[in-house]
Structures are given as structure tokens and as C-alpha cells.
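For reference, the structure discussed in these notes is given below.
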Amino acid sequence: MTRFIEPVTLVGRHATLEPLEASHVAPLAEAASDGELWRLWYTGVAPPQRMAEYVSTALDMRERFDAMPFVVRDATGAVVGCTRFFNVDVANRRIEIGHTWYAKRVQRTPLNTECKLLLLTHAFEALSCIAVEFRTHWFNHASRAAIERLGAKQDGVLRNHQVSADGIRRDTVVFSIIDSEWPAVKKHLAFQLERPR
């Protein structure tokens with residue numbers, strides 16, 4: 001049986017996305033240590049000692065829910081983070097991009113812009129999606145701003161949407177890009193990558 005999302009490697013100038021494997025635990029633990037990303041209380045980045053569990057959960061999502069977790073490599077080939085296609089709705093041709101995090105040294109660089117361009121191009125042009133969603137924590141202001149910079153529009157806020165491991169209730173901000181917006185968003189992302197820094 002053909003799955004909606006088959007394993008694929010997406011290659012750009014600044015970033016390469018390749019399917020997550022169990023062998024990526026150690027380099028992901030190292031990437032998360034750059035900036036101690038697990039200390040951001042409103043994100044779900046695993047500390048180094050729990051990275052194997054994080055990877056195992058992501059791989060389980062791939063098998064059971066047709067998700068596709070990726071590791072992100074920078075232009076040198078170093079693993080610098082993770083991202084994922086998930087919440088796959090084949091009947092309605094919708095997908096979500098999320099579980100995204102990067103080592104501090106590559107944050108606010110062209111890497112994230114190119115990752116999103118690669119993922120969105122695959123979603124709209126290879127998978128024929130009609131909408132791609134992004135969701136983030138209400139308090140993750142950096143993530144909200146980054147999603148808006150992509151050209152996504154805010155759909156709304158899901159109040160008390162999730163309960164975290166420590167019992168705190170999360171409000172989730174939902175954004176999306178729809179297929180009719182994709183040509184303009186694609187041009188915008190390509191422009192962002194080409195402009196001088």
C-alpha cells in the first residue's frame with residue numbers, strides 16, 4: 001500500500017532534510033545542547049538524556065500516523081535540528097508542519113526559510129495539499145513571528161488546547177497557507193533567500 005507521505009530527502013543550498021532515523025539520537029542531543037533548547041518551557045525539545053525517547057516517539061508517529069519526521073542538516077552536513085510533517089488528513093489533503101527546532105547557532109539564518117520552502121513545495125506540488133497548517137504555543141512569540149514571516153495567516157487560537165506534562169494548559173495559535181496563496185508565498189520565500197544579508 002502506498003502511503004500519502006513516502007520517505008524523501010529534500011535538498012537546498014542552506015539546508016537538507018532527511019528522514020529521521022534512530023542513528024540521529026546523538027547528533028540531535030548535541031544540537032539541542034546548543035542553546036539548551038529544552039529550557040524553553042513552552043516548547044517540546046527533549047534534553048539530551050531523553051533524546052532517544054523523543055526520536056522513538058517520532059518514529060512511532062511515522063509508522064502509526066503517516067507522519068514524516070526529518071532531521072535538518074546545515075550546509076556543512078551537521079545535524080542542527082528537527083522538523084516534521086504530521087496531522088495528516090489525506091481525505092481533505094491537509095497537513096501540518098511542526099515539531100520544528102534548531103540549534104541556537106542556526107536560528108534566524110536562511111536555514112529555516114529554506115526548510116519551510118522545501119517542505120511547502122513538497123506539500124503543495126508533490127502531495128497536492130490544499131492547506132498546510134502551523135501551530136505554536138501562545139507564549140512562543142518568536143515562533144509566531146517566524147510563521148507570520150513565511151506568509152502564513154493566523155486562523156485563530158485554540159484555548160486550553162493541550163495539557164503539558166506539568167499540568168499547564170496550552171493555548172495554541174493556528175496558522176495556515178492555502179493552495180491559492182502558495183504561488184505568492186513561494187515567491188516571497190525565494191526573495192527572502194536571495195536578498196543580501
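Chain labels A, B, ... are given in the sequence in which chains occur in the C-alpha cells; within each chain residues are numbered consecutively from 1, and ligands are likewise numbered from 1 in the order shown.
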Do a neighbour search on Thr16 in chain A at 6 Å with only C-alpha atoms, toss out local chain neighbours closer than 6 positions, and write the hits as a PDB file with N, CA and C atoms, in the first residue's frame.
```
ATOM      1  N   LEU A  10      14.951  16.202   1.025  1.00  0.00           N
ATOM      2  CA  LEU A  10      14.744  17.489   0.374  1.00  0.00           C
ATOM      3  C   LEU A  10      16.029  18.299   0.528  1.00  0.00           C
ATOM      4  N   VAL A  72      17.342  17.971  10.252  1.00  0.00           N
ATOM      5  CA  VAL A  72      17.772  19.093   9.427  1.00  0.00           C
ATOM      6  C   VAL A  72      19.290  19.174   9.506  1.00  0.00           C
ATOM      7  N   ARG A  73      19.919  19.187   8.344  1.00  0.00           N
ATOM      8  CA  ARG A  73      21.366  19.386   8.263  1.00  0.00           C
ATOM      9  C   ARG A  73      21.645  20.764   7.672  1.00  0.00           C
TER      10      ARG A  73
END
```
key: Residues of chain A in strand (DSSP E or B), written as a PyMOL selection string   = chain A and resi 10-11+15-19+68-74+79-89+94-102+131-137+153-163+169-178
ask   = Quick one: distance from CA of Ile178 in chain A to CA of His122 in chain A in Å, one decimal?
value = 13.7 Å
inquiry  = Residues within 10 Å of range 157-171 of chain A, please, as a VMD selection string. Count only C-alpha atoms; anything in the same chain fewer than 2 positions from it doesn't count.
reply    = chain A and resid 41 to 44 135 to 139 154 to 155 173 to 175
ask   = So what do you get for CA of Val55 in chain A versus CA of Ala67 in chain A, distance-wise?
value =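 Value for the CA of Val55 in chain A-CA of Ala67 in chain A distance: 12.8 Å.
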ask   = Got a sec to tell me which of range 23-82 of chain A DSSP assigns to alpha helix (DSSP H), as number ranges by chain?
value = A: 25-33, 51-65
message = Here is a test: counting only C-alpha atoms, which residue of A:Gly35, A:Pro48, A:Pro110, A:Pro27 is nearest to Gly12 in chain A?
response =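 Ranked by minimum distance to Gly12 in chain A, first place goes to A:Pro110.
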Spatial neighbours of Asn92 in chain A, 12 Å, only C-alpha atoms, chain gap at least 4 places, as a ChimeraX atom specification = /A:4,87-88,127-132
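Take the candidates A:Thr121, A:Gln107, A:Thr100, A:Thr113 and check each one against Trp182 in chain A using only C-alpha atoms; the shortest distance goes to A:Thr121.
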Counting only C-alpha atoms, the residue of A:Asp66, A:Glu114, A:Glu21, A:Glu125 that sits nearest Leu193 in chain A = A:Glu114
ask   = Hey, can you check how far CA of Val80 in chain A sits from CA of Leu59 in chain A?
value = 18.2 Å
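Distance check against Ala22 in chain A using only C-alpha atoms: of A:Glu96, A:Asp89, A:Asp60, A:Asp74, the minimum falls on A:Asp60.
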